[in-house]
$ cat input13.cif   # mmCIF, C-alpha atoms
data_start
loop_
_atom_site.label_atom_id
_atom_site.label_comp_id
_atom_site.auth_asym_id
_atom_site.auth_seq_id
_atom_site.Cartn_x
_atom_site.Cartn_y
_atom_site.Cartn_z
CA MET A 1 72.56 -65.46 4.64
CA PRO A 2 75.02 -65.68 7.57
CA THR A 3 78.71 -66.01 6.74
CA THR A 4 81.27 -68.26 8.40
CA THR A 5 84.84 -67.08 8.77
CA ARG A 6 87.82 -67.42 11.08
CA ALA A 7 88.43 -64.88 13.82
CA TYR A 8 90.48 -64.46 16.99
CA PHE A 9 88.65 -63.97 20.29
CA GLN A 10 89.30 -64.21 24.02
CA ARG A 11 86.78 -65.53 26.52
CA GLU A 12 88.26 -64.46 29.87
CA PRO A 13 90.71 -61.74 30.98
CA ASN A 14 94.29 -62.97 30.53
CA GLY A 15 92.92 -66.10 28.86
CA ALA A 16 94.08 -67.72 25.65
CA LEU A 17 93.69 -65.92 22.34
CA GLU A 18 91.63 -68.44 20.37
CA LEU A 19 91.29 -68.81 16.60
CA ASP A 20 88.18 -70.61 15.42
CA THR A 21 85.37 -70.56 12.90
CA VAL A 22 82.67 -68.04 13.81
CA THR A 23 79.41 -66.97 12.23
CA LEU A 24 78.69 -63.41 11.10
CA GLY A 25 75.14 -62.21 10.66
CA ASP A 26 73.88 -60.54 7.51
CA PRO A 27 74.71 -56.83 7.36
CA LYS A 28 72.15 -54.65 9.10
CA PRO A 29 70.89 -51.57 7.20
CA HIS A 30 74.01 -49.51 8.04
CA SER A 31 76.49 -52.40 8.25
CA VAL A 32 79.04 -53.76 5.77
CA ARG A 33 80.75 -57.13 5.37
CA VAL A 34 84.45 -56.70 4.63
CA ARG A 35 87.05 -59.28 3.65
CA ILE A 36 90.12 -58.28 5.67
CA THR A 37 93.45 -58.33 3.79
CA ALA A 38 95.72 -56.87 6.50
CA THR A 39 95.58 -55.74 10.11
CA GLY A 40 97.88 -54.06 12.59
CA VAL A 41 98.62 -55.15 16.15
CA CYS A 42 98.25 -52.45 18.79
CA GLN A 43 99.38 -52.08 22.41
CA SER A 44 95.87 -51.06 23.41
CA GLN A 45 94.62 -54.50 22.36
CA ILE A 46 97.12 -56.06 24.77
CA TYR A 47 95.75 -53.78 27.48
CA TRP A 48 92.17 -54.93 26.84
CA MET A 49 93.22 -58.59 26.99
CA SER A 50 93.56 -58.21 30.76
CA GLN A 51 90.34 -56.27 31.36
CA PRO A 52 86.95 -57.60 32.56
CA ARG A 53 84.18 -57.99 29.99
CA PRO A 54 80.52 -59.11 29.94
CA GLU A 55 81.07 -61.39 26.92
CA PRO A 56 84.02 -62.81 24.95
CA LEU A 57 85.97 -60.11 23.12
CA LEU A 58 86.94 -59.66 19.48
CA PHE A 59 90.11 -57.74 18.66
CA GLY A 60 91.84 -55.57 16.07
CA HIS A 61 90.88 -52.00 15.19
CA GLU A 62 93.02 -51.00 12.21
CA GLY A 63 93.02 -52.73 8.88
CA HIS A 64 92.49 -52.84 5.15
CA GLY A 65 89.90 -54.84 3.29
CA ILE A 66 87.54 -55.27 0.36
CA VAL A 67 83.79 -54.70 0.69
CA GLU A 68 81.76 -57.82 -0.09
CA GLU A 69 78.22 -56.87 0.89
CA VAL A 70 76.48 -53.74 2.16
CA GLY A 71 73.29 -53.15 4.14
CA SER A 72 70.21 -51.59 2.60
CA ALA A 73 70.89 -48.06 3.95
CA VAL A 74 74.67 -47.90 3.36
CA THR A 75 75.87 -44.91 1.34
CA ARG A 76 79.58 -44.54 2.21
CA VAL A 77 80.89 -47.61 0.36
CA ALA A 78 79.83 -50.20 -2.22
CA ALA A 79 80.66 -53.82 -2.96
CA GLY A 80 84.16 -54.14 -4.41
CA ASP A 81 85.52 -50.99 -2.77
CA SER A 82 88.96 -51.02 -1.17
CA VAL A 83 88.48 -49.64 2.34
CA LEU A 84 90.32 -48.51 5.44
CA VAL A 85 88.83 -50.06 8.59
CA THR A 86 89.22 -47.80 11.61
CA TRP A 87 87.77 -47.61 15.10
CA LEU A 88 87.43 -43.83 14.67
CA PRO A 89 83.83 -43.10 13.61
CA GLY A 90 82.76 -40.76 10.84
CA GLU A 91 80.97 -37.45 11.31
CA ARG A 92 77.49 -38.96 11.01
CA SER A 93 78.05 -40.80 14.31
CA ALA A 94 77.00 -37.51 15.92
CA THR A 95 73.40 -38.20 14.92
CA ARG A 96 73.34 -42.02 14.72
CA ALA A 97 75.14 -44.32 17.14
CA PRO A 98 77.12 -46.87 15.07
CA GLU A 99 76.46 -50.57 15.64
CA ARG A 100 78.97 -52.71 17.53
CA THR A 101 80.63 -55.66 15.78
CA GLU A 102 79.68 -59.22 16.74
CA ALA A 103 80.39 -62.87 15.90
CA VAL A 104 78.65 -66.03 17.09
CA LEU A 105 81.07 -68.62 18.44
CA ALA A 106 80.83 -72.38 17.93
CA ASP A 107 79.20 -72.86 21.36
CA GLY A 108 76.47 -70.33 20.53
CA SER A 109 77.82 -67.50 22.66
CA THR A 110 78.46 -64.05 21.18
CA ALA A 111 81.84 -62.32 21.04
CA PHE A 112 81.89 -58.56 20.43
CA TRP A 113 83.80 -55.33 20.28
CA SER A 114 82.32 -51.88 20.70
CA ASN A 115 83.28 -50.68 17.21
CA VAL A 116 85.25 -52.90 14.79
CA ASN A 117 87.34 -56.08 14.71
CA THR A 118 90.10 -56.78 12.19
CA TRP A 119 91.78 -59.87 13.67
CA ALA A 120 89.52 -61.88 11.41
CA GLU A 121 89.32 -62.99 7.80
CA HIS A 122 85.94 -61.27 7.47
CA THR A 123 84.12 -58.75 9.61
CA VAL A 124 80.75 -57.02 9.66
CA VAL A 125 81.08 -53.40 10.79
CA ASP A 126 79.08 -50.20 10.70
CA GLU A 127 79.72 -48.03 7.64
CA GLU A 128 80.80 -45.15 9.91
CA TYR A 129 84.04 -47.04 10.56
CA LEU A 130 85.00 -47.34 6.89
CA ILE A 131 86.76 -45.02 4.47
CA ARG A 132 86.73 -45.71 0.73
CA LEU A 133 90.29 -45.61 -0.63
CA PRO A 134 91.37 -44.23 -4.00
CA ALA A 135 92.60 -46.66 -6.65
CA GLU A 136 96.19 -45.42 -6.40
CA ILE A 137 96.49 -46.73 -2.83
CA THR A 138 97.26 -50.43 -3.21
CA ASP A 139 99.48 -51.31 -0.24
CA PRO A 140 97.48 -53.15 2.46
CA ALA A 141 99.77 -51.49 5.03
CA ILE A 142 97.48 -48.48 4.61
CA GLY A 143 95.47 -50.24 7.32
CA LEU A 144 97.85 -48.69 9.87
CA VAL A 145 96.16 -45.35 9.15
CA GLY A 146 93.22 -46.86 11.00
CA CYS A 147 94.89 -46.38 14.41
CA ALA A 148 98.68 -46.15 14.79
CA VAL A 149 99.25 -43.30 12.35
CA PRO A 150 96.38 -41.00 13.42
CA THR A 151 96.99 -41.68 17.10
CA GLY A 152 100.55 -40.37 16.82
CA ALA A 153 100.13 -37.80 14.07
CA GLY A 154 96.83 -36.53 15.45
CA ALA A 155 98.39 -35.96 18.87
CA VAL A 156 100.83 -33.60 17.17
CA ILE A 157 98.33 -31.92 14.85
CA ASN A 158 95.18 -31.70 16.97
CA ALA A 159 96.05 -32.00 20.66
CA ALA A 160 99.49 -30.35 20.74
CA ASP A 161 98.81 -28.11 17.73
CA VAL A 162 102.51 -28.17 16.85
CA ARG A 163 103.48 -25.22 14.67
CA ALA A 164 106.51 -24.27 12.63
CA GLY A 165 109.37 -23.38 14.95
CA ASP A 166 108.19 -25.40 17.94
CA ALA A 167 110.67 -27.50 19.91
CA VAL A 168 109.11 -30.98 20.18
CA ALA A 169 109.97 -34.22 21.94
CA VAL A 170 108.34 -37.62 21.38
CA ILE A 171 108.70 -40.29 24.07
CA GLY A 172 108.22 -43.91 23.00
CA LEU A 173 109.10 -44.88 19.44
CA GLY A 174 106.76 -47.64 18.40
CA GLY A 175 104.44 -47.21 15.44
CA VAL A 176 102.48 -44.48 17.22
CA GLY A 177 105.56 -42.56 18.35
CA LEU A 178 107.17 -42.76 14.92
CA SER A 179 103.96 -41.38 13.42
CA ALA A 180 104.18 -38.48 15.88
CA VAL A 181 107.77 -37.86 14.77
CA VAL A 182 106.63 -37.84 11.12
CA ALA A 183 103.90 -35.30 11.87
CA ALA A 184 106.17 -33.02 13.92
CA ALA A 185 108.67 -32.94 11.07
CA ALA A 186 105.87 -32.34 8.56
CA ARG A 187 104.70 -29.37 10.66
CA ASP A 188 108.22 -27.88 10.44
CA ALA A 189 109.12 -28.17 14.11
CA ALA A 190 112.45 -26.50 14.82
CA VAL A 191 113.76 -29.65 16.52
CA VAL A 192 112.25 -33.11 17.02
CA TYR A 193 113.81 -35.08 19.87
CA ALA A 194 113.06 -38.82 19.76
CA VAL A 195 113.25 -40.50 23.18
CA ASP A 196 113.36 -44.21 23.97
CA ILE A 197 115.23 -46.85 25.96
CA ALA A 198 116.22 -48.90 22.89
CA GLY A 199 119.18 -47.84 20.77
CA ASP A 200 117.84 -49.43 17.57
CA LYS A 201 114.59 -47.49 17.91
CA LEU A 202 116.49 -44.23 18.38
CA GLU A 203 118.48 -44.73 15.20
CA PHE A 204 115.37 -45.86 13.34
CA ALA A 205 113.52 -42.66 14.32
CA ARG A 206 115.97 -40.55 12.32
CA HIS A 207 114.50 -42.05 9.13
CA PHE A 208 111.14 -40.51 10.09
CA GLY A 209 112.33 -36.96 10.81
CA ALA A 210 113.94 -36.98 14.26
CA SER A 211 116.64 -34.34 14.50
CA HIS A 212 117.99 -35.54 17.88
CA THR A 213 117.75 -38.74 19.91
CA VAL A 214 117.83 -39.31 23.67
CA ASP A 215 118.51 -42.63 25.40
CA SER A 216 116.39 -42.22 28.52
CA THR A 217 118.25 -45.00 30.33
CA THR A 218 121.34 -42.80 30.53
CA THR A 219 120.11 -39.25 29.93
CA ASP A 220 117.49 -37.17 31.74
CA LEU A 221 115.20 -35.50 29.21
CA ALA A 222 114.37 -32.60 31.54
CA GLN A 223 118.05 -31.83 32.00
CA ILE A 224 118.60 -31.86 28.23
CA ALA A 225 115.52 -29.68 27.80
CA HIS A 226 116.73 -26.98 30.15
CA THR A 227 120.35 -26.95 29.02
CA SER A 228 120.16 -27.56 25.27
CA VAL A 229 116.64 -26.72 24.04
CA VAL A 230 115.14 -23.28 23.48
CA SER A 231 111.38 -22.95 23.15
CA ARG A 232 109.68 -20.48 20.83
CA THR A 233 109.30 -18.15 23.85
CA GLY A 234 113.09 -17.99 24.21
CA LEU A 235 112.93 -19.84 27.53
CA PRO A 236 114.62 -23.21 28.02
CA GLY A 237 112.53 -26.33 27.49
CA PHE A 238 110.27 -27.90 24.88
CA ASP A 239 107.13 -26.28 23.56
CA LYS A 240 105.40 -29.65 23.20
CA VAL A 241 106.12 -33.17 24.48
CA ILE A 242 104.18 -36.16 23.11
CA ASP A 243 104.24 -39.05 25.59
CA CYS A 244 103.49 -42.30 23.78
CA VAL A 245 104.30 -44.43 26.84
CA GLY A 246 101.96 -43.03 29.50
CA SER A 247 103.80 -44.23 32.61
CA THR A 248 104.17 -42.26 35.85
CA ALA A 249 107.84 -41.71 35.05
CA THR A 250 107.34 -40.50 31.48
CA ILE A 251 104.39 -38.23 32.25
CA ASN A 252 106.28 -36.47 35.04
CA GLN A 253 109.43 -36.36 32.93
CA SER A 254 107.39 -34.68 30.19
CA ILE A 255 105.94 -32.09 32.56
CA ALA A 256 109.43 -31.22 33.76
CA ALA A 257 110.77 -30.99 30.20
CA VAL A 258 108.38 -28.37 28.79
CA HIS A 259 109.15 -24.71 29.31
CA ALA A 260 107.66 -22.69 32.15
CA GLY A 261 105.09 -19.97 31.63
CA ARG A 262 105.40 -16.41 32.79
CA VAL A 263 102.32 -15.11 34.54
CA SER A 264 100.46 -12.44 32.56
CA LEU A 265 102.88 -12.89 29.63
CA HIS A 266 102.57 -16.41 28.22
CA ARG A 267 101.58 -19.91 29.20
CA GLY A 268 103.98 -22.81 29.68
CA GLY A 269 104.53 -25.78 27.42
CA VAL A 270 102.10 -28.58 26.58
CA VAL A 271 102.33 -32.30 27.39
CA VAL A 272 100.07 -34.68 25.46
CA VAL A 273 99.54 -38.17 26.88
CA VAL A 274 99.01 -40.77 24.15
CA GLY A 275 100.21 -43.99 25.79
CA VAL A 276 97.73 -45.94 27.91
CA PRO A 277 98.47 -45.57 31.67
CA LYS A 278 98.39 -48.91 33.48
CA GLY A 279 96.99 -47.47 36.71
CA ASP A 280 96.82 -44.34 38.82
CA VAL A 281 99.48 -41.77 37.89
CA PRO A 282 100.64 -39.32 40.59
CA ILE A 283 101.78 -36.07 38.95
CA ASP A 284 103.59 -32.92 40.00
CA ALA A 285 100.47 -30.75 39.91
CA ILE A 286 102.23 -27.76 41.44
CA GLN A 287 104.26 -27.37 38.22
CA LEU A 288 101.05 -27.30 36.19
CA LEU A 289 99.69 -24.56 38.42
CA THR A 290 102.64 -22.30 39.14
CA GLN A 291 104.35 -22.64 35.76
CA GLU A 292 101.08 -22.67 33.78
CA LYS A 293 101.92 -25.88 31.96
CA SER A 294 99.21 -27.94 30.25
CA LEU A 295 98.64 -31.71 30.47
CA LEU A 296 96.29 -33.07 27.83
CA GLY A 297 95.02 -36.48 26.83
CA THR A 298 94.05 -37.61 23.36
CA LEU A 299 92.30 -40.67 22.01
CA GLY A 300 93.05 -41.72 18.46
CA GLY A 301 94.69 -38.36 17.93
CA SER A 302 91.19 -36.81 17.87
CA CYS A 303 91.29 -37.35 14.10
CA THR A 304 88.32 -36.83 11.80
CA HIS A 305 87.76 -38.94 8.69
CA GLU A 306 88.84 -35.96 6.60
CA GLN A 307 92.16 -36.05 8.43
CA LEU A 308 92.43 -39.82 7.94
CA ASN A 309 92.05 -39.23 4.22
CA GLU A 310 94.85 -36.67 4.39
CA LEU A 311 97.10 -39.11 6.23
CA CYS A 312 96.37 -41.67 3.51
CA ARG A 313 97.57 -39.10 0.98
CA TRP A 314 100.79 -38.73 2.98
CA SER A 315 101.54 -42.34 2.04
CA LEU A 316 101.44 -41.30 -1.62
CA ASP A 317 103.46 -38.08 -1.47
CA GLY A 318 106.32 -39.46 0.61
CA ARG A 319 105.64 -37.82 3.94
CA LEU A 320 104.64 -41.20 5.43
CA ASP A 321 106.81 -44.19 4.50
CA LEU A 322 104.59 -47.15 5.34
CA GLY A 323 107.05 -49.55 3.76
CA ARG A 324 109.67 -48.54 6.30
CA LEU A 325 107.23 -48.24 9.21
CA VAL A 326 106.23 -51.90 8.82
CA THR A 327 109.24 -53.78 10.17
CA ASP A 328 107.64 -57.12 11.06
CA ARG A 329 105.21 -59.15 8.94
CA TYR A 330 103.16 -62.17 9.99
CA GLY A 331 100.64 -64.52 8.42
CA PHE A 332 97.16 -64.69 9.93
CA ASP A 333 97.78 -67.99 11.72
CA ASP A 334 100.85 -66.44 13.38
CA LEU A 335 99.05 -63.37 14.73
CA PRO A 336 99.57 -64.49 18.37
CA LYS A 337 103.33 -64.43 17.70
CA ALA A 338 102.98 -60.77 16.67
CA VAL A 339 101.11 -60.07 19.91
CA GLU A 340 103.83 -61.67 22.02
CA ALA A 341 106.59 -59.90 20.09
CA LEU A 342 104.88 -56.55 20.72
CA ARG A 343 104.35 -57.40 24.39
CA ALA A 344 108.06 -58.21 24.68
CA GLY A 345 109.14 -54.97 22.99
CA LYS A 346 110.61 -56.78 19.97
CA ILE A 347 108.76 -54.86 17.23
CA LEU A 348 111.00 -52.10 15.89
CA GLY A 349 108.30 -50.18 14.01
CA ARG A 350 104.85 -51.66 13.47
CA ALA A 351 103.76 -55.25 12.87
CA LEU A 352 101.47 -56.07 9.95
CA VAL A 353 99.44 -59.27 9.70
CA THR A 354 98.29 -60.25 6.21
CA MET A 355 95.59 -62.75 5.29
#
$ encode --input "input13.cif" --output "structure tokens"
Amino acid sequence: MPTTTRAYFQREPNGALELDTVTLGDPKPHSVRVRITATGVCQSQIYWMSQPRPEPLLFGHEGHGIVEEVGSAVTRVAAGDSVLVTWLPGERSATRAPERTEAVLADGSTAFWSNVNTWAEHTVVDEEYLIRLPAEITDPAIGLVGCAVPTGAGAVINAADVRAGDAVAVIGLGGVGLSAVVAAAARDAAVVYAVDIAGDKLEFARHFGASHTVDSTTTDLAQIAHTSVVSRTGLPGFDKVIDCVGSTATINQSIAAVHAGRVSLHRGGVVVVVGVPKGDVPIDAIQLLTQEKSLLGTLGGSCTHEQLNELCRWSLDGRLDLGRLVTDRYGFDDLPKAVEALRAGKILGRALVTM
């Protein structure tokens, strides 16, 4: 029978984030009802709060929970399982489109999100968005592997394909950027430059593997790149730059900071855009052409569920320190305070909301 729970939703763009009792339908054949124990708060959710929508929106796309009920055709998880909730779908989504998540509001209207919602005490989601966790993973902060960690780490591993000996820079040191720093260090990059405008974030990044830090309010990254950094080709500049901000300034700064190519000999460096641009971004396209540099985008780090499982294992072997990454903790009723703190740039690492 339908389940009532509390969930956050927003009716209109830039409207209030409301918390109220909602009704969840019974799980469909491939759906699962999950009791959420913890959720992260992501910049992309703040972006979507200002965007048009056909119906009220649900929010939250990384979390941890316990399975309560499964649909008749579910095979990935069972009742009682501890699960990672992620917006990144599993491999079977190639042959079956996963269901969206929905909740009926008190006035009878339907709120939705296209994949999952975790800003709720319970959720009903398609099994393709769940990963069963091993018994040795007990920290609800593992929910950050649903988005923040793979978005940053996957940009390094999949999009940039960072290799041992590469010179790497990461711009923007929130939870995503710090995860990129972790992955670059884990891939044995020769140097990992952490770049931000906040001094506390720069110092914090050293705990995650940054070898150098750059305060971009006083120092030009491109100038540092071409005077102090040597790429694996022997030319000045970075091999890979991971831009976790996505502004016009940082994207063009990144393009300028990677090394040039040499026609017929080798290509130039690679820039990977991870941060969400807030509008049109003019770029210096002539550099991309004449210096054979590459500008790539990535969504969720392009991570597979197999890779998400590997990132979960990083939390056990010490490569990923979730305890340190979570710098701000909130109760469920205070989730809007976490949103405003993130919007104001006051979250040092990543915020975690627990139920």
$ closest_residue --input "input13.cif" --among "A:Glu127, A:Gly108, A:Val339, A:Glu69" --to "Arg92 (chain A)" --atoms "only C-alpha atoms"
A:Glu127
$ atom_distance --input "input13.cif" --atom1 "CA of Ala185 (chain A)" --atom2 "CA of Ile131 (chain A)"
25.9 Å
$ residues_near_point --input "input13.cif" --point "(120.1, -32.6, 27.7)" --cutoff "12 Å" --atoms "all atoms listed in the file" --output "VMD selection string"
chain A and resid 169 193 195 212 to 216 218 to 230 236 to 238 257
$ resolve_selection --input "input13.cif" --expression "the PyMOL selection byres ((chain A and resi 154) around 12)" --output "PyMOL selection string"
chain A and resi 88+145-153+155-162+176-177+179-184+187+242+272-274+297-308+310-311
$ atom_distance --input "input13.cif" --atom1 "CA of His122 (chain A)" --atom2 "CA of Asp321 (chain A)"
27.1 Å
$ residues_near_point --input "input13.cif" --point "(99.0, -20.2, 33.8)" --cutoff "10 Å" --atoms "all atoms listed in the file" --output "ChimeraX atom specification"
/A:260-268,287-294
$ axis_aligned_box --input "input13.cif" --around "region 232-243 of chain A" --padding-each-side "8 Å" --output "AutoDock Vina command-line options"
--center_x 109.4 --center_y -28.5 --center_z 24.4 --size_x 26.4 --size_y 37.1 --size_z 23.2
$ residues_around --input "input13.cif" --residues "Val168 (chain A)" --least-positions-apart "5" --cutoff "7 Å" --atoms "all atoms listed in the file" --output "MDAnalysis selection string"
chainID A and resid 189 191:193 238:241
$ closest_residue --input "input13.cif" --among "A:Thr327, A:Thr4, A:Thr110, A:Ser72" --to "Val32 (chain A)" --atoms "all atoms listed in the file"
A:Ser72
$ residues_around --input "input13.cif" --residues "Arg232 (chain A)" --least-positions-apart "2" --cutoff "8 Å" --atoms "only C-alpha atoms" --output "list in words"
Gly165, Asp166, Ala167, Val230, Gly234, Leu235 and Asp239 of chain A
$ resolve_selection --input "input13.cif" --expression "the PyMOL selection byres ((chain A and resi 134-136) around 12)" --output "number ranges by chain"
A: 77, 80-84, 131-133, 137-140, 142, 309-310, 312-313, 315-317
$ resolve_selection --input "input13.cif" --expression "the PyMOL selection byres ((chain A and resi 18) around 12)" --output "ChimeraX atom specification"
/A:6-12,14-17,19-22,49,56-59,105-106,111,119-120,333-336
$ atom_distance --input "input13.cif" --atom1 "CA of Phe208 (chain A)" --atom2 "CA of Gly63 (chain A)"
21.9 Å
$ closest_residue --input "input13.cif" --among "A:Met355, A:Ala97, A:Cys244, A:Trp314" --to "Arg329 (chain A)" --atoms "only C-alpha atoms"
A:Met355
$ closest_residue --input "input13.cif" --among "A:Asp243, A:Asp188, A:Asp196, A:Glu121" --to "Gly60 (chain A)" --atoms "only C-alpha atoms"
A:Glu121
$ build_atoms --input "input13.cif" --residues "region 81-103 of chain A" --atoms "N, CA and C atoms" --output "tab-separated table (two decimals), in the frame of the given file"
chain	number	residue	atom	x	y	z
A	81	ASP	N	84.65	-52.10	-3.18
A	81	ASP	CA	85.52	-50.99	-2.77
A	81	ASP	C	86.67	-51.48	-1.89
A	82	SER	N	87.82	-50.86	-2.08
A	82	SER	CA	88.96	-51.02	-1.17
A	82	SER	C	88.76	-50.02	-0.05
A	83	VAL	N	88.83	-50.51	1.22
A	83	VAL	CA	88.48	-49.64	2.34
A	83	VAL	C	89.51	-49.71	3.47
A	84	LEU	N	89.62	-48.59	4.17
A	84	LEU	CA	90.32	-48.51	5.44
A	84	LEU	C	89.32	-48.83	6.53
A	85	VAL	N	89.68	-49.74	7.43
A	85	VAL	CA	88.83	-50.06	8.59
A	85	VAL	C	89.46	-49.40	9.80
A	86	THR	N	88.71	-48.56	10.48
A	86	THR	CA	89.22	-47.80	11.61
A	86	THR	C	88.21	-47.79	12.74
A	87	TRP	N	88.68	-47.71	13.96
A	87	TRP	CA	87.77	-47.61	15.10
A	87	TRP	C	87.29	-46.18	15.31
A	88	LEU	N	87.85	-45.23	14.56
A	88	LEU	CA	87.43	-43.83	14.67
A	88	LEU	C	86.18	-43.61	13.80
A	89	PRO	N	85.07	-43.21	14.38
A	89	PRO	CA	83.83	-43.10	13.61
A	89	PRO	C	83.77	-41.84	12.76
A	90	GLY	N	82.97	-41.91	11.70
A	90	GLY	CA	82.76	-40.76	10.84
A	90	GLY	C	81.85	-39.72	11.46
A	91	GLU	N	81.68	-38.60	10.75
A	91	GLU	CA	80.97	-37.45	11.31
A	91	GLU	C	79.49	-37.73	11.56
A	92	ARG	N	78.91	-38.70	10.82
A	92	ARG	CA	77.49	-38.96	11.01
A	92	ARG	C	77.20	-39.72	12.30
A	93	SER	N	78.25	-40.15	13.00
A	93	SER	CA	78.05	-40.80	14.31
A	93	SER	C	77.51	-39.81	15.33
A	94	ALA	N	77.55	-38.52	15.02
A	94	ALA	CA	77.00	-37.51	15.92
A	94	ALA	C	75.48	-37.59	16.00
A	95	THR	N	74.86	-38.14	14.96
A	95	THR	CA	73.40	-38.20	14.92
A	95	THR	C	72.87	-39.63	14.90
A	96	ARG	N	73.76	-40.61	14.68
A	96	ARG	CA	73.34	-42.02	14.72
A	96	ARG	C	74.45	-42.84	15.35
A	97	ALA	N	74.12	-43.51	16.46
A	97	ALA	CA	75.14	-44.32	17.14
A	97	ALA	C	75.47	-45.53	16.28
A	98	PRO	N	76.75	-45.71	15.89
A	98	PRO	CA	77.12	-46.87	15.07
A	98	PRO	C	76.92	-48.18	15.82
A	99	GLU	N	76.64	-49.24	15.07
A	99	GLU	CA	76.46	-50.57	15.64
A	99	GLU	C	77.80	-51.13	16.11
A	100	ARG	N	77.76	-51.98	17.14
A	100	ARG	CA	78.97	-52.71	17.53
A	100	ARG	C	79.17	-53.89	16.58
A	101	THR	N	80.35	-54.49	16.60
A	101	THR	CA	80.63	-55.66	15.78
A	101	THR	C	80.47	-56.92	16.64
A	102	GLU	N	79.96	-57.99	16.01
A	102	GLU	CA	79.68	-59.22	16.74
A	102	GLU	C	80.02	-60.44	15.90
A	103	ALA	N	80.22	-61.58	16.57
A	103	ALA	CA	80.39	-62.87	15.90
A	103	ALA	C	79.86	-63.94	16.84
